[in-house]
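Data file: work.cif. Format and content: mmCIF, C-alpha atoms.
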```cif
data_model
loop_
_atom_site.label_atom_id
_atom_site.label_comp_id
_atom_site.auth_asym_id
_atom_site.auth_seq_id
_atom_site.Cartn_x
_atom_site.Cartn_y
_atom_site.Cartn_z
CA MET A 1 -32.63 -35.34 53.32
CA ASP A 2 -33.73 -38.56 55.02
CA HIS A 3 -33.10 -37.74 58.68
CA GLU A 4 -33.96 -41.22 59.84
CA ALA A 5 -31.51 -42.84 57.43
CA LEU A 6 -28.71 -40.51 58.58
CA ALA A 7 -29.39 -41.27 62.24
CA LEU A 8 -29.45 -45.00 61.47
CA GLU A 9 -26.07 -44.81 59.73
CA MET A 10 -24.50 -42.97 62.67
CA ARG A 11 -25.95 -45.31 65.24
CA GLY A 12 -25.11 -48.36 63.10
CA LEU A 13 -21.45 -47.37 62.99
CA ARG A 14 -21.36 -47.07 66.78
CA GLU A 15 -22.89 -50.55 67.12
CA GLN A 16 -20.54 -52.02 64.56
CA VAL A 17 -17.16 -50.88 65.90
CA PRO A 18 -16.49 -51.46 69.61
CA GLY A 19 -15.07 -48.36 71.25
CA ILE A 20 -16.86 -45.64 69.26
CA THR A 21 -18.16 -43.18 71.82
CA ASP A 22 -19.55 -40.31 69.70
CA THR A 23 -20.23 -39.44 66.07
CA ALA A 24 -21.19 -36.22 64.31
CA VAL A 25 -21.91 -35.14 60.74
CA ALA A 26 -21.38 -31.54 59.65
CA ALA A 27 -21.27 -29.51 56.48
CA ALA A 28 -17.82 -28.99 54.98
CA ASP A 29 -17.63 -25.50 56.50
CA GLY A 30 -18.21 -26.86 60.01
CA LEU A 31 -21.94 -26.24 60.37
CA LEU A 32 -23.36 -29.09 62.43
CA ILE A 33 -25.97 -31.33 60.78
CA ALA A 34 -26.37 -34.19 63.25
CA ALA A 35 -24.67 -35.21 66.48
CA ASP A 36 -24.79 -38.47 68.40
CA THR A 37 -22.59 -37.21 71.21
CA ALA A 38 -22.46 -37.42 74.99
CA ASP A 39 -23.45 -34.40 77.06
CA SER A 40 -19.81 -33.68 77.86
CA ILE A 41 -19.09 -32.90 74.19
CA ASP A 42 -20.08 -29.61 72.54
CA PRO A 43 -21.07 -30.82 69.06
CA GLU A 44 -21.02 -27.35 67.47
CA SER A 45 -17.40 -26.77 68.50
CA LEU A 46 -16.48 -30.30 67.52
CA ALA A 47 -17.92 -29.76 64.02
CA ALA A 48 -16.01 -26.49 63.63
CA LEU A 49 -12.77 -28.10 64.84
CA ALA A 50 -13.23 -31.00 62.44
CA ALA A 51 -13.73 -28.63 59.50
CA ALA A 52 -10.60 -26.69 60.42
CA GLY A 53 -8.63 -29.89 61.07
CA LEU A 54 -9.60 -31.43 57.74
CA GLY A 55 -8.78 -28.20 55.92
CA LEU A 56 -5.36 -28.03 57.51
CA ALA A 57 -4.68 -31.71 56.81
CA ARG A 58 -5.76 -31.34 53.18
CA ARG A 59 -3.41 -28.40 52.68
CA THR A 60 -0.60 -30.28 54.42
CA ALA A 61 -1.13 -33.32 52.19
CA ASP A 62 -1.11 -31.00 49.19
CA ALA A 63 1.97 -28.99 50.22
CA THR A 64 3.94 -32.14 50.97
CA ALA A 65 2.79 -34.05 47.88
CA ARG A 66 1.19 -36.83 49.99
CA GLY A 67 -1.63 -37.34 47.52
CA VAL A 68 -5.34 -37.28 48.30
CA LEU A 69 -6.21 -36.88 51.98
CA ARG A 70 -7.87 -39.98 53.45
CA GLN A 71 -8.59 -38.98 57.03
CA THR A 72 -7.03 -37.34 60.03
CA VAL A 73 -6.75 -39.10 63.37
CA THR A 74 -5.77 -37.37 66.60
CA TYR A 75 -4.45 -39.80 69.21
CA GLY A 76 -4.65 -39.00 72.90
CA SER A 77 -3.96 -41.04 76.00
CA HIS A 78 -7.70 -41.64 76.43
CA GLY A 79 -8.64 -42.40 72.84
CA CYS A 80 -8.74 -40.81 69.44
CA ALA A 81 -10.73 -38.47 67.20
CA ALA A 82 -11.03 -39.29 63.49
CA PHE A 83 -12.21 -36.77 60.89
CA TYR A 84 -13.38 -37.95 57.47
CA ALA A 85 -14.47 -35.95 54.46
CA VAL A 86 -17.93 -36.99 53.18
CA GLY A 87 -17.73 -36.33 49.45
CA ASP A 88 -16.90 -32.68 48.92
CA THR A 89 -19.94 -31.43 50.81
CA ALA A 90 -19.67 -32.60 54.37
CA LEU A 91 -17.55 -34.28 57.01
CA MET A 92 -17.91 -36.91 59.68
CA VAL A 93 -16.34 -37.05 63.12
CA VAL A 94 -15.85 -40.30 65.04
CA LEU A 95 -14.59 -40.30 68.62
CA GLY A 96 -13.40 -43.50 70.23
CA ASP A 97 -11.85 -44.66 73.46
CA GLU A 98 -8.41 -46.28 73.71
CA GLY A 99 -9.88 -49.72 73.01
CA MET A 100 -11.15 -48.80 69.53
CA ASP A 101 -9.37 -50.61 66.70
CA VAL A 102 -8.62 -47.71 64.35
CA ASP A 103 -7.93 -49.96 61.31
CA ARG A 104 -11.29 -51.60 61.85
CA LEU A 105 -12.89 -48.17 62.13
CA HIS A 106 -11.41 -47.08 58.79
CA ARG A 107 -12.71 -50.28 57.13
CA ALA A 108 -16.19 -49.87 58.60
CA THR A 109 -16.31 -46.16 57.81
CA GLN A 110 -15.70 -46.31 54.05
CA PRO A 111 -19.06 -47.81 53.02
CA ALA A 112 -20.84 -45.68 55.65
CA LEU A 113 -19.27 -42.50 54.24
CA ARG A 114 -20.52 -43.35 50.77
CA ARG A 115 -24.04 -43.93 52.04
CA ILE A 116 -24.02 -40.77 54.18
CA ASP A 117 -22.85 -38.76 51.16
CA SER A 118 -25.79 -40.01 49.11
CA ILE A 119 -28.21 -39.31 51.99
CA LEU A 120 -26.91 -35.73 52.30
CA THR A 121 -26.96 -34.96 48.60
CA GLU A 122 -30.20 -36.80 47.91
CA LYS A 123 -32.38 -33.70 48.11
CA ALA A 124 -29.94 -31.28 46.55
CA PRO A 125 -31.78 -30.91 43.20
CA GLU A 126 -34.92 -29.82 45.04
CA GLY A 127 -33.11 -27.23 47.10
CA VAL A 128 -32.37 -27.50 50.83
CA MET B 1 -32.06 -60.34 77.99
CA GLY B 2 -33.79 -63.65 78.44
CA ASP B 3 -31.88 -65.19 75.56
CA PHE B 4 -28.58 -64.76 77.33
CA GLY B 5 -28.38 -68.29 78.71
CA GLU B 6 -29.55 -69.90 75.49
CA SER B 7 -27.18 -67.93 73.32
CA LEU B 8 -24.21 -68.66 75.52
CA GLY B 9 -23.34 -71.63 73.32
CA ARG B 10 -23.33 -69.46 70.22
CA VAL B 11 -20.93 -66.85 71.54
CA GLY B 12 -17.19 -67.02 71.03
CA TYR B 13 -16.55 -69.49 73.80
CA ALA B 14 -17.75 -72.43 71.73
CA GLU B 15 -15.65 -71.42 68.72
CA LEU B 16 -12.53 -70.65 70.71
CA GLY B 17 -12.40 -73.89 72.70
CA PRO B 18 -11.08 -76.31 70.05
CA VAL B 19 -8.76 -73.74 68.43
CA LEU B 20 -7.10 -72.67 71.68
CA SER B 21 -6.80 -76.28 72.90
CA ALA B 22 -5.02 -77.19 69.66
CA CYS B 23 -2.62 -74.26 70.13
CA GLY B 24 -1.83 -75.51 73.64
CA ARG B 25 -1.36 -79.15 72.55
CA GLU B 26 0.97 -78.25 69.72
CA GLY B 27 3.02 -75.84 71.83
CA PHE B 28 2.22 -73.06 69.35
CA THR B 29 4.27 -69.87 69.44
CA GLY B 30 2.71 -66.88 67.70
CA ARG B 31 -0.54 -64.96 67.60
CA LEU B 32 -4.08 -66.19 67.32
CA LEU B 33 -6.09 -63.49 65.58
CA VAL B 34 -9.76 -63.74 66.48
CA SER B 35 -12.12 -61.79 64.25
CA GLY B 36 -15.52 -61.06 65.66
CA THR B 37 -17.24 -58.56 67.90
CA PRO B 38 -15.24 -57.48 69.80
CA GLY B 39 -12.63 -60.06 68.68
CA GLY B 40 -9.04 -59.79 69.79
CA VAL B 41 -5.55 -61.27 69.73
CA PHE B 42 -4.01 -64.01 71.87
CA HIS B 43 -0.21 -64.07 72.10
CA LEU B 44 1.12 -67.58 72.75
CA ARG B 45 4.58 -68.82 73.66
CA ASP B 46 5.24 -72.58 73.64
CA GLY B 47 1.52 -73.23 73.89
CA LEU B 48 0.92 -70.84 76.79
CA VAL B 49 -1.00 -67.58 76.53
CA VAL B 50 1.29 -64.70 77.56
CA ALA B 51 -1.02 -61.82 76.59
CA ALA B 52 -4.50 -61.15 75.26
CA GLU B 53 -5.73 -57.89 73.78
CA SER B 54 -9.27 -57.03 72.76
CA PRO B 55 -11.22 -53.87 71.91
CA GLY B 56 -13.79 -55.28 74.33
CA ALA B 57 -11.68 -54.99 77.48
CA PRO B 58 -9.37 -52.31 78.87
CA GLY B 59 -5.72 -53.29 78.47
CA ALA B 60 -3.05 -52.84 81.12
CA VAL B 61 -2.27 -49.29 79.97
CA ALA B 62 -5.93 -48.23 80.08
CA LEU B 63 -6.32 -49.79 83.55
CA LEU B 64 -3.33 -47.79 84.80
CA LEU B 65 -4.19 -44.47 83.16
CA ARG B 66 -7.97 -44.45 83.55
CA SER B 67 -7.85 -45.42 87.19
CA GLY B 68 -5.97 -42.17 87.81
CA ARG B 69 -2.86 -43.90 89.07
CA LEU B 70 -0.81 -41.70 86.76
CA THR B 71 -1.48 -38.97 84.23
CA GLY B 72 -1.09 -39.02 80.46
CA GLU B 73 1.92 -36.71 80.73
CA GLN B 74 3.63 -38.97 83.26
CA TRP B 75 2.97 -41.95 81.02
CA ALA B 76 4.41 -40.21 77.96
CA GLU B 77 7.53 -39.33 79.97
CA LEU B 78 7.96 -42.96 81.13
CA VAL B 79 7.59 -44.26 77.56
CA ARG B 80 10.25 -41.76 76.39
CA GLU B 81 12.53 -42.85 79.21
CA ALA B 82 12.07 -46.50 78.22
CA GLY B 83 13.10 -45.73 74.64
CA GLY B 84 9.55 -45.89 73.25
CA ALA B 85 8.63 -49.25 74.81
CA PRO B 86 4.81 -49.57 74.88
CA TRP B 87 4.88 -51.04 78.41
CA PRO B 88 7.63 -49.30 80.42
CA ALA B 89 7.51 -51.71 83.37
CA ALA B 90 11.01 -50.96 84.69
CA ALA B 91 10.44 -47.19 84.57
CA LEU B 92 7.05 -47.58 86.29
CA THR B 93 8.59 -49.38 89.25
CA ALA B 94 11.71 -47.19 89.31
CA HIS B 95 9.55 -44.07 89.72
CA GLY B 96 7.39 -45.73 92.35
CA HIS B 97 4.15 -45.61 90.34
CA ALA B 98 3.55 -49.31 90.97
CA GLY B 99 5.34 -52.30 92.43
CA ALA B 100 6.59 -55.12 90.19
CA ALA B 101 4.04 -57.49 91.71
CA GLN B 102 1.23 -54.98 91.18
CA LEU B 103 2.18 -54.65 87.52
CA ARG B 104 2.14 -58.43 87.12
CA VAL B 105 -1.33 -58.56 88.68
CA ILE B 106 -2.56 -55.83 86.32
CA CYS B 107 -1.20 -57.73 83.31
CA VAL B 108 -2.80 -61.03 84.43
CA MET B 109 -6.11 -59.23 85.06
CA ALA B 110 -5.99 -57.60 81.63
CA LEU B 111 -5.26 -60.98 80.01
CA HIS B 112 -8.22 -62.73 81.67
CA ASP B 113 -10.51 -59.78 81.07
CA ALA B 114 -9.67 -59.71 77.36
CA ALA B 115 -10.26 -63.48 77.14
CA PHE B 116 -13.65 -62.99 78.78
CA ALA B 117 -14.56 -60.18 76.36
CA VAL B 118 -13.58 -62.22 73.30
CA ALA B 119 -15.46 -65.29 74.58
CA ALA B 120 -18.56 -63.25 75.44
CA GLY B 121 -19.06 -61.97 71.90
CA PRO B 122 -19.56 -63.71 68.56
CA VAL B 123 -16.44 -65.11 66.88
CA GLU B 124 -16.29 -65.20 63.09
CA ASP B 125 -12.87 -66.66 62.46
CA CYS B 126 -9.61 -67.65 64.17
CA GLU B 127 -6.35 -67.37 62.31
CA ARG B 128 -2.80 -68.16 63.38
CA ALA B 129 -0.15 -65.53 62.66
CA PRO B 130 3.58 -65.18 63.34
CA ALA B 131 4.62 -63.95 66.77
CA GLY B 132 4.12 -60.25 67.40
CA GLU B 133 5.10 -57.94 70.18
CA PRO B 134 2.55 -58.23 72.98
CA LEU B 135 1.83 -54.95 74.71
CA ALA B 136 2.02 -56.14 78.31
CA PRO B 137 2.94 -59.84 78.53
CA VAL B 138 2.73 -61.85 81.74
CA PRO B 139 6.00 -63.45 82.89
CA VAL B 140 4.45 -66.92 83.31
CA GLY B 141 2.06 -67.94 80.56
CA GLU B 142 -1.41 -69.32 81.15
CA PRO B 143 -2.53 -72.68 79.72
CA PRO B 144 -5.17 -71.76 77.11
CA THR B 145 -7.71 -74.29 78.35
CA ARG B 146 -7.52 -72.94 81.90
CA MET B 147 -7.87 -69.38 80.63
CA LEU B 148 -10.94 -70.35 78.62
CA GLN B 149 -12.44 -72.25 81.56
CA ASP B 150 -12.09 -69.08 83.61
CA ALA B 151 -13.92 -67.14 80.88
CA ALA B 152 -16.66 -69.81 80.75
CA ARG B 153 -17.07 -69.71 84.53
CA LYS B 154 -17.53 -65.92 84.36
CA LEU B 155 -20.05 -66.18 81.51
CA THR B 156 -22.04 -68.77 83.46
CA ALA B 157 -21.96 -66.64 86.61
CA LEU B 158 -23.17 -63.64 84.63
CA ALA B 159 -25.95 -65.62 82.96
CA ALA B 160 -27.13 -66.83 86.38
CA LEU B 161 -27.83 -63.28 87.61
CA PRO B 162 -31.50 -62.19 87.67
CA HIS B 163 -30.80 -59.43 85.12
CA PRO B 164 -27.91 -60.67 83.00
CA VAL B 165 -26.40 -58.19 80.55
CA ARG B 166 -23.94 -58.46 77.71
CA PRO B 167 -20.75 -56.40 78.02
CA ASP B 168 -21.46 -54.61 74.73
CA ARG B 169 -25.23 -54.56 74.35
CA GLU B 170 -27.36 -52.90 77.02
CA ARG B 171 -26.99 -49.14 77.47
CA PRO B 172 -28.53 -48.39 80.87
CA VAL B 173 -29.57 -45.13 82.55
CA PRO B 174 -30.00 -44.39 86.27
CA ALA B 175 -33.48 -45.41 87.38
CA ASP B 176 -35.86 -42.97 89.05
CA GLY B 177 -36.36 -43.79 92.65
CA PRO B 178 -35.63 -42.74 96.19
CA PRO B 179 -31.92 -42.30 96.95
CA VAL B 180 -30.42 -45.43 98.48
CA PRO B 181 -26.94 -45.96 99.88
CA VAL B 182 -24.56 -47.04 97.12
CA THR B 183 -20.96 -48.21 96.96
CA GLY B 184 -18.17 -46.18 95.39
CA LEU B 185 -18.26 -48.18 92.15
CA GLN B 186 -22.04 -47.92 91.97
CA ARG B 187 -21.89 -44.15 92.44
CA GLU B 188 -19.31 -43.94 89.69
CA LEU B 189 -21.41 -46.04 87.33
CA LEU B 190 -24.58 -44.09 88.14
CA GLY B 191 -22.75 -40.88 87.27
CA ARG B 192 -21.57 -42.19 83.93
CA ALA B 193 -24.42 -44.40 82.70
CA ASP B 194 -26.18 -42.09 80.24
CA GLY B 195 -28.07 -44.47 77.99
CA ARG B 196 -25.24 -44.33 75.43
CA ARG B 197 -22.67 -46.44 77.22
CA THR B 198 -22.45 -50.20 77.49
CA ALA B 199 -20.78 -52.04 80.38
CA ARG B 200 -17.70 -52.24 78.17
CA ASP B 201 -17.71 -48.45 77.63
CA LEU B 202 -18.15 -47.88 81.37
CA ALA B 203 -15.24 -50.25 82.11
CA PHE B 204 -12.93 -48.20 79.86
CA LEU B 205 -14.19 -44.94 81.33
CA THR B 206 -13.64 -46.02 84.92
CA GLY B 207 -10.44 -48.02 84.34
CA ARG B 208 -11.88 -51.27 85.67
CA GLY B 209 -12.19 -54.76 84.29
CA VAL B 210 -15.07 -55.32 81.88
CA TYR B 211 -16.21 -58.45 83.75
CA ALA B 212 -16.38 -56.63 87.09
CA VAL B 213 -18.32 -53.72 85.56
CA THR B 214 -20.68 -56.00 83.61
CA VAL B 215 -21.53 -57.91 86.79
CA GLU B 216 -22.06 -54.66 88.70
CA VAL B 217 -24.31 -53.26 85.96
CA ALA B 218 -26.33 -56.50 86.00
CA ARG B 219 -26.69 -56.30 89.80
CA MET B 220 -27.68 -52.63 89.66
CA LEU B 221 -30.34 -53.47 87.06
CA GLY B 222 -31.59 -56.16 89.40
CA ASP B 223 -31.64 -53.78 92.35
CA GLY B 224 -33.51 -51.13 90.39
CA LEU B 225 -30.64 -48.64 90.48
CA LEU B 226 -30.29 -48.75 86.70
CA CYS B 227 -32.80 -49.42 83.96
CA CYS B 228 -32.61 -49.95 80.22
CA PRO B 229 -34.69 -47.49 78.17
CA GLY B 230 -36.68 -49.20 75.45
CA THR B 231 -35.58 -47.00 72.60
CA PRO B 232 -32.39 -44.96 72.38
CA ALA B 233 -32.66 -41.17 72.43
CA PRO B 234 -33.25 -39.84 68.90
CA ILE B 235 -30.38 -38.12 67.12
CA PRO B 236 -31.41 -34.55 66.28
CA VAL B 237 -30.71 -33.74 62.63
CA ARG B 238 -30.58 -30.14 61.48
CA VAL B 239 -30.18 -28.98 57.97
CA PRO B 240 -28.12 -25.80 57.87
CA GLU B 241 -29.87 -23.04 55.92
CA ARG B 242 -27.12 -23.13 53.40
CA VAL B 243 -25.02 -26.27 53.06
CA PRO B 244 -22.16 -24.84 51.03
CA GLY B 245 -21.12 -28.09 49.44
CA VAL B 246 -24.65 -28.94 48.44
CA SER B 247 -25.21 -25.63 46.73
CA ARG B 248 -21.82 -25.97 45.03
CA ARG B 249 -22.78 -29.36 43.75
CA ARG B 250 -26.13 -28.09 42.51
CA SER B 251 -24.57 -25.26 40.57
CA ALA B 252 -21.91 -27.59 39.22
CA ALA B 253 -24.48 -30.13 38.09
CA ARG B 254 -26.46 -27.57 36.09
CA PRO B 255 -24.78 -26.95 32.73
CA ALA B 256 -23.94 -23.35 31.95
CA PRO B 257 -26.22 -21.83 29.26
CA PRO B 258 -24.59 -21.81 25.86
CA PRO B 259 -23.10 -18.44 25.05
CA GLY B 260 -25.41 -16.50 22.78
CA PRO B 261 -24.28 -14.29 19.95
CA ILE B 262 -22.78 -11.00 21.08
CA THR B 263 -24.96 -8.11 20.00
CA VAL B 264 -23.59 -4.63 19.82
CA PRO B 265 -26.23 -1.95 20.58
CA ASP B 266 -26.46 1.02 18.31
CA SER B 267 -26.75 3.48 21.22
CA LEU B 268 -25.86 3.42 24.92
CA PRO B 269 -28.64 1.91 27.12
CA ARG B 270 -30.80 4.34 29.04
CA ARG B 271 -31.94 3.66 32.59
CA THR B 272 -35.68 3.47 33.25
CA PRO B 273 -36.52 4.56 36.81
CA GLY B 274 -37.72 1.62 38.96
CA ALA B 275 -36.77 -1.00 36.37
CA SER B 276 -34.35 -2.86 38.68
CA GLY B 277 -37.00 -3.34 41.40
CA ILE B 278 -34.57 -2.20 44.10
CA THR B 279 -37.14 0.17 45.63
CA GLU B 280 -39.54 -2.71 46.24
CA ALA B 281 -36.77 -4.98 47.61
CA LEU B 282 -35.61 -2.37 50.11
CA THR B 283 -39.04 -1.78 51.59
CA PRO B 284 -39.71 -3.83 54.76
CA GLU B 285 -41.21 -7.27 54.24
CA ARG B 286 -44.97 -7.22 54.49
CA HIS B 287 -45.31 -10.96 54.94
CA GLY B 288 -43.11 -14.01 55.47
CA ALA B 289 -43.09 -15.29 51.90
CA SER B 290 -41.27 -12.64 49.77
CA TRP B 291 -38.29 -14.04 47.83
CA LYS B 292 -38.27 -17.26 49.83
CA GLY B 293 -41.65 -18.11 48.32
CA PHE B 294 -40.14 -17.44 44.94
CA PHE B 295 -37.43 -20.02 45.65
CA ARG B 296 -39.97 -22.60 46.73
CA LEU B 297 -41.93 -22.04 43.56
CA ARG B 298 -38.86 -22.43 41.42
CA ASN B 299 -37.59 -25.50 43.18
CA GLY B 300 -40.96 -27.11 43.47
CA SER B 301 -40.60 -28.11 47.13
CA ALA B 302 -43.21 -26.77 49.48
CA ARG B 303 -41.43 -27.78 52.72
#
```
Is it possible to give me this structure as structure tokens?
Amino acid sequence: MDHEALALEMRGLREQVPGITDTAVAAADGLLIAADTADSIDPESLAALAAAGLGLARRTADATARGVLRQTVTYGSHGCAAFYAVGDTALMVVLGDEGMDVDRLHRATQPALRRIDSILTEKAPEGV
Amino acid sequence: MGDFGESLGRVGYAELGPVLSACGREGFTGRLLVSGTPGGVFHLRDGLVVAAESPGAPGAVALLLRSGRLTGEQWAELVREAGGAPWPAAALTAHGHAGAAQLRVICVMALHDAAFAVAAGPVEDCERAPAGEPLAPVPVGEPPTRMLQDAARKLTALAALPHPVRPDRERPVPADGPPVPVTGLQRELLGRADGRRTARDLAFLTGRGVYAVTVEVARMLGDGLLCCPGTPAPIPVRVPERVPGVSRRRSAARPAPPPGPITVPDSLPRRTPGASGITEALTPERHGASWKGFFRLRNGSAR
């Protein structure tokens, strides 16, 4: 895996969308891979929560015939937390303050997710 | 930072001027959608700006909630009481959280701050759209040219400081040095500047206007209270020992071996002692390689 490329993608997203405060990438089961988070955030717990949240949302979408899950967004009075699946192997967490334009985030995230997926799976044939 | 003054003409201010003036001249009613970084929306009524919203500046709600004037729970209750209105002004005054005049001041501040934020960043495009529901409109609209002049005056004032900063670029950290007396705002900013946050981020976090915080950050850089690290802190990347998805994908990518012909043995198989190798596997590892070395050999990666 190209660590530098992954870090660049995460930092690039934060530069691109005003209001992003933290990002993290984890394996689909919630094991943290990389975290660009403030000291006040525990990235390990965040990764585990995101995995559980995405799992729950996926089952909800399935049970209610809402089609394929796109993302989950938790809105609070001080901002929001968005969880995205990265392929079927990993997930990405984006935290933003109340100024973040969530539609803009979703638009900016789609190409980044594709690139992050290819970065994460790049080395798979050689074994990780 | 030295390019601040030179690049002032390239930021949104120059793009916005003619468009907003035209809106004012024509008495436009509707929204002006400004795409850019941070971009934003101007709500106009009869050619006057009644509200401005931008991801680059805290809105009226953020100013109220982040400044600690009232809690998230209280806010949710007020919104419910107002039938879901995004700006429950009547309920706010009825419960004594703020006076009507205070609320008007907050809305006017938020409008000017958003205009500053939009004008301070690059603007890609401006597009007129039908009228929408502004979040916290001001009762008396602002002529667009006057609003933009105010933004330009602020940008010029900022550029004239010894250490000018952009609201969304520099990410300062507290500088090392002997403790000096600081103001309340400076203490707050020192506590929250962590090398990840821009002046815009700090404005949201402290519930203050982005212009006021940007100016304070610039002054603190000038006074040596803050400094800008050359390179951002690296993002640690760890590869979990077993990324479940990755291993799934690997096994899925490898085609299953074709089923061979089923052979039926003439007699039942007999076990040869030690043939499974379990006795060797159960003995303690003599060196670090063991089966892991076997994996490396198979996969051809020595790392």
> Between atom CA of A:Ala38 and atom CA of B:Ala175, what is the spacing in Å?
Replying inline: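 Computed distance, atom CA of B:Ala175 to atom CA of A:Ala38, equals 18.4 Å.
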>> Please find the residues of chain A near chain B - the criterion being any atom within 9 Å, counting only C-alpha atoms - and write them as a ChimeraX atom specification.
In response: /A:1,3-4,6-8,10-11,15-21,27-29,31-39,76-78,87-90,97-101,120-121,124-128
> Near stretch 66-69 of chain A, within 10 Å and counting only C-alpha atoms, which residues show up once chain neighbours fewer than 2 positions away are dropped, as a list in words?
Replying inline: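 Final neighbour list, sorted by chain and number: Leu54, Gly55, Ala57, Arg58, Arg59, Thr60, Ala61, Asp62, Ala63, Thr64, Gln71, Thr72, Tyr84 and Ala85 of chain A.
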>> Please compute the atom CA of A:Leu113-atom CA of A:Val86 distance, one decimal, in Å.
In response: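 A separation of 5.8 Å between them.
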>> the PyMOL selection byres ((chain B and resi 217) around 8) - which residues does that actually catch in the file I just gave you? List them as a PyMOL selection string.
In response: chain B and resi 165+189+199+213-216+218-221+226
> Which value, in Å to one decimal, gives the distance between atom CA of B:Ala52 and atom CA of A:Thr23?
Replying inline: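 Computing it gives 28.3 Å between the two atoms.
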For stretch 36-55 of chain A, take all atoms listed in the file, fit an axis-aligned box around them, add 4 Å to each of the six sides, then output centre and edge lengths in Å rounded to one decimal, as lines of an AutoDock Vina configuration file.
```
center_x = -16.7
center_y = -32.5
center_z = 66.9
size_x = 24.2
size_y = 20.0
size_z = 29.9
```
>> To test your reading of the syntax: which residues would the PyMOL selection byres ((chain B and resi 94-96) around 12) return for the file shown? Reply as a list in words.
In response: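 On this input, the PyMOL selection byres ((chain B and resi 94-96) around 12) captures Arg69, Leu70, Gln74, Trp75, Glu77, Leu78, Glu81, Ala82, Pro88, Ala89, Ala90, Ala91, Leu92, Thr93, His97, Ala98, Gly99, Ala100, Gln102 and Leu103 of chain B.
For the residues B:Gly141, B:Pro134, B:Gly24, B:Gly209, ranking by smallest atom-to-atom distance to B:Leu185 using only C-alpha atoms places B:Gly209 first.
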> Written as a PyMOL selection string, what is the full residue list that the PyMOL selection byres ((chain B and resi 17) around 10) yields on the file shown?
Replying inline: chain B and resi 12-16+18-22+119+144-145+148-149+152
> Any idea what's packed within 9 Å of B:Ala129, counting all atoms listed in the file, ignoring anything in its chain fewer than 2 positions away? Could you give it as an MDAnalysis selection string?
Replying inline: chainID B and resid 30:33 127 131:132
